[in-house]
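Visitor: Here it is, the structure in full.
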Amino acid sequence: MLVYAAKRFAGLAATLLVATALVFLVLEVIPGDPAQVMLGINAQEDTLAALRSQMGLDRPAWLRYLDWITGFASGDLGTSYTYSVPVADLVAARITVSLPLALLALALSTLIAIPVGVYAASKRGHWQDSGIMALTQVGIAIPNFWFAMLLVFVFAVTLRLVPSGGFPGWEAGIWPALKALMLPAVALALPQAAILARVMRSSLIDALHEDYVRTARAKGLTRTAVLWRHAVRNALIPVLTILGLQFSFLIAGTIIIENVFYLPGLGRLIFQAITQRDLIVVKSVVVLLVASVILVTFLVDLAYALVDPRLRRH
Amino acid sequence: MAGRSSTRAGTIGFLRTHKALALGMAIVALVLAAALVSLVWTPYPIDVLSVPDRLQGSSLAHPFGTDQFGRDMLSMLMVGARTSIAVALVAVGIGILVGVPLGLVAAARGGWLDEGLMRANDLVFAFPALLSAVMITAILGPGAVNAILAIGIFNIPVFARVARGGALSLKSREFVLAARVAGKGEIRIIAEHILPNIANLLIVQGTIQFSLGILAEAGLSYVGLGAQPPLASWGRMLNEAQTMMALAPSLALYPGLAIVITVLGLNLMGDGLRDLLDPRLKRRVA
């Protein structure tokens with residue numbers, strides 16, 4: 001297991017390195033003069049020169065890249081051009097919105113998907129199953145930001161149960177903050193849950209046909225006991241894989257949903273940075289998000305190997 | 001096929017899948033027709049603003065009403081269908097044209113080339129289309145072409161994986177070995193034996209990626225990274241409708257429904273095609 005983990009970790013480090021190089025290449029090398037991109041064609045020559053020296057553009061690209069990633073490792077992400085504050089501070093403030101939102105959505109979608117998938121599988125072929133499958137089919141087709149708009153219309157504009165957007169900050173108390181994240185999390189979670197429920201269902205149906213299920217039944221265990229204790233446990237493995245694969249969609253979804261609800265998270269930060277052409281902020285936030293996807297894939301791989309020893313040999 | 005006890009159940013299941021396939025195809029055909037017609041005709045021009053006509057409800061003249069700028073919603077939806085389909089189609093095209101050859105070469109050569117290509121694929125996979133679009137927009141500014149590029153790049157590893165997997169499973173089959181014994185070269189074997197046999201897989205995956213592409217395009221246009229005015233797009237329409245939610249919720253309803261129905265149609269078609277083209281996979285994949 002240790003050898004496997006070490007191998008995977010080396011792979012993770014290599015992927016991270018290449019990913020950062022790719023982002024650096026696209027945002028700092030391909031544009032030619034990033035200072036010119038940031039300031040536009042009407043920029044004054046002295047402003048340009050000042051920004052060029054702030055970004056260290058007189059030095060070769062590979063040196064700037066090395067500086068950037070070593071800075072990254074020590075938590076120094078450079079200084080935002082438009083806000084004139086360290087990017088690390090901006091990110092730290094915004095991540096307290098984005099991360100809880102993503103985790104809340106992840107938890108919600110799993111909590112909904114697993115029971116629904118198990119129920120559908122246990123009622124396979126009955127109307128309950130067909131109904132759930134039809135609903136999930138529609139759920140997959142719904143864009144989360146549109147679903148978010150519908151939720152706002154029903155629960156905020158019409159029923160006035162929750163705020164339609166904005167974030168009071170965690171210092172306003174846990175409950176008001178959670179309340180502000182509720183609708184966005186539901187909007188992210190439900191379409192996600194539709195996919196997971198389908199995976200759970202088909203994986204459980206496969207598991208229910210395995211020999212160990214028949215053996216457990218023959219031993220005298222009840223249907224429910226066999227379902228939960230044996231079949232569901234094994235059926236969760238593919239669900240875990242899909243959960244990992246869906247993580248990049250969850251990240252993208254979070255960024256978009258933050259715009260629907262005017263939440264001051266990483267998504268808002270990245271769009272403000274684009275409008276202001278603050279490449280320093282864009283570069284770091286993109287790398288952070290990509291790194292989180294790569295890290296989750298790595299963790300899912302490890303979890304997978306823990307559950308299924310056969311995989312460690314590859 | 002596990003769990004299918006009688007032929008009758010099989011027939012009913014078969015009919016059911018075909019019904020879904022037929023429904024899916026009908027929806028896709030309708031959206032496609034709307035998009036094609038919009039190339040030559042829309043009920044009203046979408047680039048002419050007419051403030052006196054703004055926010056009208058459904059009527060004979062405007063079946064879906066008008067938006068806050070007085071533009072006819074039906075015309076906007078038709079042009080939006082064209083934008084969605086064009087972006088998703090070209091993005092799938094990029095995925096197939098680049099991804100499939102990569103996957104086939106990886107499968108044929110194996111070794112470090114295979115390993116390298118697959119690792120590169122993993123890397124691209126870590127960049128959701130949205131993040132690629134963010135980077136492209138940051139240096140080039142927003143536009144529909146960015147959306148195509150971003151979604152297309154994300155499609156490459158998907159098709160490479162499908163092509164590689166399909167080719168690997170065929171590599172040691174008798175007809176491929178026979179072709180090799182007959183002296184055919186690698187390229188001829190791929191063109192004459194591998195490609196025709198993985199075409200089904202590619203068609204099914206293409207349908208799935210097409211529907212994901214429509215969703216991605218809508219999302220990108222919604223946040224302003226995709227189609228720019230005056231080009232109409234369902235995502236943009238939703239963006240513009242957002243501030244009008246309290247006043248005119250129908251502005252947000254129709255474009256959203258258009259996306260859901262189109263994606264649903266494509267997914268039904270994809271599922272149906274998969275069942276039709278590869279019965280072994282039937283009901284196993286969610």
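Starting from 1 in every chain, residues are counted up; chains themselves are A, B, ... following the order of the structure tokens, and ligands are numbered from 1 as listed.
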Near stretch 226-235 of chain A, within 12 Å and counting only C-alpha atoms, which residues show up once chain neighbours fewer than 6 positions away are dropped, as a PyMOL selection string?

Guide: chain A and resi 114-115+117-119+121-122+196-220+241-242+304+307-308

Visitor: Dump C-alpha atoms for the selected residues as a compact mmCIF listing (two decimals), in the first residue's frame?

Guide:
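Wrote part16.txt, looks like this:
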# COMPACT_ATOMS: atom_id res chain seq x y z
CA ILE A 114 -27.58 7.27 -1.90
CA PRO A 115 -30.98 6.61 -0.27
CA GLY A 117 -30.54 5.18 -5.54
CA VAL A 118 -30.90 2.36 -3.01
CA TYR A 119 -34.67 2.78 -2.94
CA ALA A 121 -32.75 -0.37 -6.97
CA SER A 122 -34.78 -2.16 -4.31
CA LEU A 196 -25.14 9.94 -8.36
CA ALA A 197 -28.52 8.33 -7.71
CA ARG A 198 -28.43 6.72 -11.15
CA VAL A 199 -24.91 5.39 -10.56
CA MET A 200 -25.91 4.14 -7.10
CA ARG A 201 -28.94 2.36 -8.53
CA SER A 202 -27.17 0.56 -11.36
CA SER A 203 -24.19 -0.32 -9.21
CA LEU A 204 -26.47 -1.74 -6.50
CA ILE A 205 -28.44 -3.75 -9.06
CA ASP A 206 -25.15 -5.28 -10.22
CA ALA A 207 -24.11 -5.99 -6.63
CA LEU A 208 -27.43 -7.65 -5.82
CA HIS A 209 -26.68 -10.28 -8.46
CA GLU A 210 -23.34 -11.24 -6.93
CA ASP A 211 -22.78 -14.61 -5.29
CA TYR A 212 -22.02 -13.16 -1.87
CA VAL A 213 -25.50 -11.69 -1.73
CA ARG A 214 -27.02 -15.09 -2.43
CA THR A 215 -24.77 -16.64 0.20
CA ALA A 216 -25.78 -14.07 2.79
CA ARG A 217 -29.44 -14.67 2.01
CA ALA A 218 -28.88 -18.43 2.27
CA LYS A 219 -27.29 -17.88 5.69
CA GLY A 220 -30.66 -16.57 6.77
CA THR A 241 -15.32 7.09 -8.40
CA ILE A 242 -18.08 9.13 -9.98
CA TYR A 304 -10.20 3.16 -3.92
CA VAL A 307 -11.16 -0.49 -0.29
CA ASP A 308 -10.03 -2.73 -3.14

Visitor: Only residues of chain A matter here; which ones have an atom within 6 Å of chain B, counting only C-alpha atoms? Give them as a PDB file with C-alpha atoms, in the first residue's frame.

Guide:
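Printed below is out_38.pdb as written:
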ATOM      1  CA  ALA A 141     -30.683  17.955 -17.974  1.00  0.00           C
ATOM      2  CA  ILE A 142     -31.249  20.966 -15.685  1.00  0.00           C
ATOM      3  CA  ARG A 198     -28.434   6.718 -11.147  1.00  0.00           C
ATOM      4  CA  VAL A 199     -24.913   5.391 -10.557  1.00  0.00           C
ATOM      5  CA  SER A 202     -27.175   0.564 -11.361  1.00  0.00           C
ATOM      6  CA  SER A 248     -14.380  19.255 -11.336  1.00  0.00           C
ATOM      7  CA  ALA A 252     -17.174  24.846 -12.082  1.00  0.00           C
ATOM      8  CA  ILE A 274     -11.080  38.843 -15.627  1.00  0.00           C
ATOM      9  CA  VAL A 290      -7.081  22.896 -10.797  1.00  0.00           C
ATOM     10  CA  VAL A 293      -9.380  18.787  -8.693  1.00  0.00           C
TER      11      VAL A 293
END

Visitor: I'd like the neighbourhood of stretch 280-288 of chain A as a PyMOL selection string, where a residue qualifies if any of its atoms comes within 7 Å (using only C-alpha atoms), though same-chain residues fewer than 6 positions away should be ignored.

Guide: (chain A and resi 20+23+27+77+80+87+270+273-274) or (chain B and resi 131)

Visitor: Those same residues - N, CA and C atoms - I'd like them written as a tab-separated table (two decimals), in the first residue's frame.

Guide:
chain	number	residue	atom	x	y	z
A	20	THR	N	0.71	23.64	-13.43
A	20	THR	CA	1.12	25.02	-13.16
A	20	THR	C	1.88	25.59	-14.36
A	23	VAL	N	-0.65	26.63	-17.00
A	23	VAL	CA	-1.33	27.88	-16.68
A	23	VAL	C	-0.38	29.06	-16.90
A	27	LEU	N	-1.05	32.10	-19.58
A	27	LEU	CA	-1.35	33.44	-19.09
A	27	LEU	C	-0.15	34.39	-19.11
A	77	LEU	N	1.39	34.30	-3.14
A	77	LEU	CA	0.83	34.20	-4.48
A	77	LEU	C	1.00	35.50	-5.26
A	80	SER	N	-2.01	41.41	-5.98
A	80	SER	CA	-3.01	41.72	-6.98
A	80	SER	C	-2.76	43.11	-7.54
A	87	VAL	N	-2.43	38.42	-3.09
A	87	VAL	CA	-3.45	37.52	-3.63
A	87	VAL	C	-3.84	36.48	-2.58
A	270	ILE	N	-12.69	35.51	-9.40
A	270	ILE	CA	-12.09	35.22	-10.69
A	270	ILE	C	-12.75	36.06	-11.80
A	273	ALA	N	-11.60	39.56	-11.53
A	273	ALA	CA	-10.22	39.63	-12.00
A	273	ALA	C	-10.17	39.63	-13.52
A	274	ILE	N	-11.07	38.86	-14.15
A	274	ILE	CA	-11.08	38.84	-15.63
A	274	ILE	C	-11.49	40.20	-16.17
B	131	LEU	N	-12.78	26.62	-16.45
B	131	LEU	CA	-11.47	27.19	-16.12
B	131	LEU	C	-10.66	27.48	-17.38

Visitor: What does the distance between atom CA of B:Ser38 and atom CA of B:Met78 come to in Å, to one decimal place?

Guide: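 Interatomic distance here is 5.7 Å.
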
Visitor: Extract, using only C-alpha atoms, all DNA, RNA and protein residues at most 10 Å from A:Phe24, discarding same-chain residues fewer than 6 positions from it, and format them as a ChimeraX atom specification.

Guide: /A:18,30,61-62,64-65,68-69,283-284,287

Visitor: Find the spatial neighbours of A:Gly11, counting only C-alpha atoms, within a cut-off of 12 Å - ignore same-chain residues fewer than 4 positions away - and output them as a compact mmCIF listing (two decimals) with C-alpha atoms, in the first residue's frame.

Guide:
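For reference, selection_33.txt as written:
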# COMPACT_ATOMS: atom_id res chain seq x y z
CA TYR A 4 1.36 2.36 -4.23
CA ALA A 5 0.70 5.58 -2.29
CA ALA A 6 4.24 6.82 -2.93
CA LYS A 7 3.92 6.09 -6.66
CA THR A 15 0.73 16.47 -12.66
CA LEU A 16 0.65 19.54 -10.42
CA LEU A 17 3.96 20.73 -11.83
CA VAL A 18 2.82 20.33 -15.44
CA ILE A 294 -6.06 16.93 -9.06
CA LEU A 295 -5.85 16.43 -5.28
CA THR A 297 -8.66 12.62 -7.91
CA PHE A 298 -5.55 11.50 -6.00
CA ASP A 301 -7.51 6.81 -6.08
CA GLU B 115 1.53 6.33 -20.85
CA GLY B 116 2.44 9.89 -21.83
CA ARG B 119 -1.19 11.26 -18.41
CA ALA B 120 -1.65 14.31 -20.65
CA ASP B 122 -5.57 13.23 -17.06
CA LEU B 123 -4.07 16.69 -16.96

Visitor: Report as JSON, numbers by chain all protein, DNA and RNA residues lying within 7 Å of stretch 187-201 of chain B, evaluated on only C-alpha atoms, omitting residues in the same chain fewer than 4 positions from it.

Guide: {"B": [163, 166, 167, 170, 176, 179, 205, 277]}

Visitor: Please provide the set of residues having any atom within 6 Å of B:Phe159, restricted to only C-alpha atoms, with same-chain residues fewer than 6 positions apart removed, written as a ChimeraX atom specification.

Guide: /B:96,99-100

Visitor: Just the selected residues (N, CA and C atoms), exported as a PDB file, in the first residue's frame, please.

Guide:
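Result saved to out.pdb:
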ATOM      1  N   ILE B  96     -13.403  14.795 -31.313  1.00  0.00           N
ATOM      2  CA  ILE B  96     -13.274  13.585 -32.127  1.00  0.00           C
ATOM      3  C   ILE B  96     -12.017  13.657 -33.008  1.00  0.00           C
ATOM      4  N   GLY B  99      -8.980  13.831 -30.406  1.00  0.00           N
ATOM      5  CA  GLY B  99      -8.963  12.786 -29.386  1.00  0.00           C
ATOM      6  C   GLY B  99      -8.880  11.381 -29.953  1.00  0.00           C
ATOM      7  N   VAL B 100      -9.684  11.103 -31.002  1.00  0.00           N
ATOM      8  CA  VAL B 100      -9.721   9.734 -31.526  1.00  0.00           C
ATOM      9  C   VAL B 100      -8.358   9.299 -32.091  1.00  0.00           C
TER      10      VAL B 100
END

Visitor: So the first atom is atom CA of B:Tyr44 and the second is atom CA of B:Ser75; what is the distance between them in Å, to one decimal place?

Guide: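 So the answer is 6.1 Å.
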
Visitor: Let's see if you can do this: from backbone DSSP, list all alpha helix (DSSP H) residues in stretch 29-172 of chain A, as a VMD selection string.

Guide: chain A and resid 34 to 39 45 to 54 61 to 73 87 to 122 127 to 141 144 to 151

Visitor: May I have the selected residues written with C-alpha atoms, as a CSV table (one decimal), in the first residue's frame?

Guide:
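The file below, out.csv, is the result:
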chain,number,residue,atom,x,y,z
A,34,PRO,CA,1.2,40.3,-20.0
A,35,ALA,CA,1.6,43.9,-18.7
A,36,GLN,CA,0.2,45.2,-22.0
A,37,VAL,CA,-2.7,42.7,-21.8
A,38,MET,CA,-3.5,43.9,-18.3
A,39,LEU,CA,-3.4,47.6,-19.0
A,45,GLU,CA,4.5,53.9,-21.1
A,46,ASP,CA,5.6,54.6,-17.5
A,47,THR,CA,2.6,52.7,-16.0
A,48,LEU,CA,3.5,49.8,-18.3
A,49,ALA,CA,7.1,50.0,-17.2
A,50,ALA,CA,6.1,50.0,-13.5
A,51,LEU,CA,3.9,47.0,-13.9
A,52,ARG,CA,6.6,45.2,-16.0
A,53,SER,CA,9.1,45.6,-13.2
A,54,GLN,CA,6.5,44.6,-10.5
A,61,ALA,CA,10.1,33.2,-18.2
A,62,TRP,CA,11.5,30.0,-16.7
A,63,LEU,CA,12.9,32.0,-13.7
A,64,ARG,CA,9.6,33.8,-13.2
A,65,TYR,CA,7.9,30.4,-13.3
A,66,LEU,CA,10.3,29.0,-10.7
A,67,ASP,CA,9.7,32.1,-8.4
A,68,TRP,CA,6.0,31.7,-8.8
A,69,ILE,CA,5.8,28.1,-7.8
A,70,THR,CA,8.2,28.4,-5.0
A,71,GLY,CA,6.2,31.4,-3.8
A,72,PHE,CA,3.1,29.2,-4.1
A,73,ALA,CA,4.6,26.5,-1.9
A,87,VAL,CA,-3.5,37.5,-3.6
A,88,ALA,CA,-3.1,35.0,-0.7
A,89,ASP,CA,-5.2,37.4,1.5
A,90,LEU,CA,-7.9,37.7,-1.2
A,91,VAL,CA,-8.0,34.0,-1.7
A,92,ALA,CA,-8.1,33.3,2.0
A,93,ALA,CA,-11.1,35.6,2.5
A,94,ARG,CA,-13.0,34.2,-0.5
A,95,ILE,CA,-12.3,30.5,0.2
A,96,THR,CA,-14.4,30.8,3.5
A,97,VAL,CA,-17.4,31.1,1.2
A,98,SER,CA,-16.5,28.8,-1.7
A,99,LEU,CA,-15.2,25.8,0.3
A,100,PRO,CA,-18.2,25.6,2.7
A,101,LEU,CA,-20.5,25.9,-0.3
A,102,ALA,CA,-18.9,23.2,-2.2
A,103,LEU,CA,-18.7,20.9,0.8
A,104,LEU,CA,-22.3,21.6,1.7
A,105,ALA,CA,-23.4,20.8,-1.9
A,106,LEU,CA,-21.3,17.6,-1.9
A,107,ALA,CA,-22.7,16.4,1.4
A,108,LEU,CA,-26.3,17.2,0.4
A,109,SER,CA,-26.0,15.5,-3.0
A,110,THR,CA,-24.6,12.4,-1.4
A,111,LEU,CA,-27.2,12.3,1.3
A,112,ILE,CA,-29.9,12.6,-1.2
A,113,ALA,CA,-28.5,10.3,-3.9
A,114,ILE,CA,-27.6,7.3,-1.9
A,115,PRO,CA,-31.0,6.6,-0.3
A,116,VAL,CA,-32.8,7.5,-3.5
A,117,GLY,CA,-30.5,5.2,-5.5
A,118,VAL,CA,-30.9,2.4,-3.0
A,119,TYR,CA,-34.7,2.8,-2.9
A,120,ALA,CA,-34.9,2.7,-6.8
A,121,ALA,CA,-32.7,-0.4,-7.0
A,122,SER,CA,-34.8,-2.2,-4.3
A,127,TRP,CA,-43.4,2.4,-10.8
A,128,GLN,CA,-41.4,3.9,-8.0
A,129,ASP,CA,-38.2,3.0,-9.9
A,130,SER,CA,-39.4,4.3,-13.2
A,131,GLY,CA,-40.6,7.5,-11.6
A,132,ILE,CA,-37.3,8.1,-9.9
A,133,MET,CA,-35.4,7.3,-13.1
A,134,ALA,CA,-37.5,9.7,-15.1
A,135,LEU,CA,-36.9,12.4,-12.4
A,136,THR,CA,-33.2,11.9,-12.4
A,137,GLN,CA,-33.2,12.0,-16.2
A,138,VAL,CA,-34.7,15.5,-16.0
A,139,GLY,CA,-32.4,16.4,-13.1
A,140,ILE,CA,-29.3,15.7,-15.2
A,141,ALA,CA,-30.7,18.0,-18.0
A,144,ASN,CA,-27.7,24.3,-12.0
A,145,PHE,CA,-27.7,28.1,-12.5
A,146,TRP,CA,-31.1,28.0,-14.0
A,147,PHE,CA,-32.3,25.8,-11.2
A,148,ALA,CA,-30.8,28.4,-8.8
A,149,MET,CA,-32.8,31.1,-10.5
A,150,LEU,CA,-36.0,29.1,-10.1
A,151,LEU,CA,-35.2,28.6,-6.4

Visitor: Do you have the atom CA of B:Arg71-atom CA of A:Ser164 distance handy?

Guide: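 Computing it gives 27.2 Å between the two atoms.
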
Visitor: A:Leu269, A:Leu188, A:Ile237, A:Val300: which is nearest A:Tyr83, counting only C-alpha atoms?

Guide: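 Smallest distance to A:Tyr83 is found for A:Leu269.
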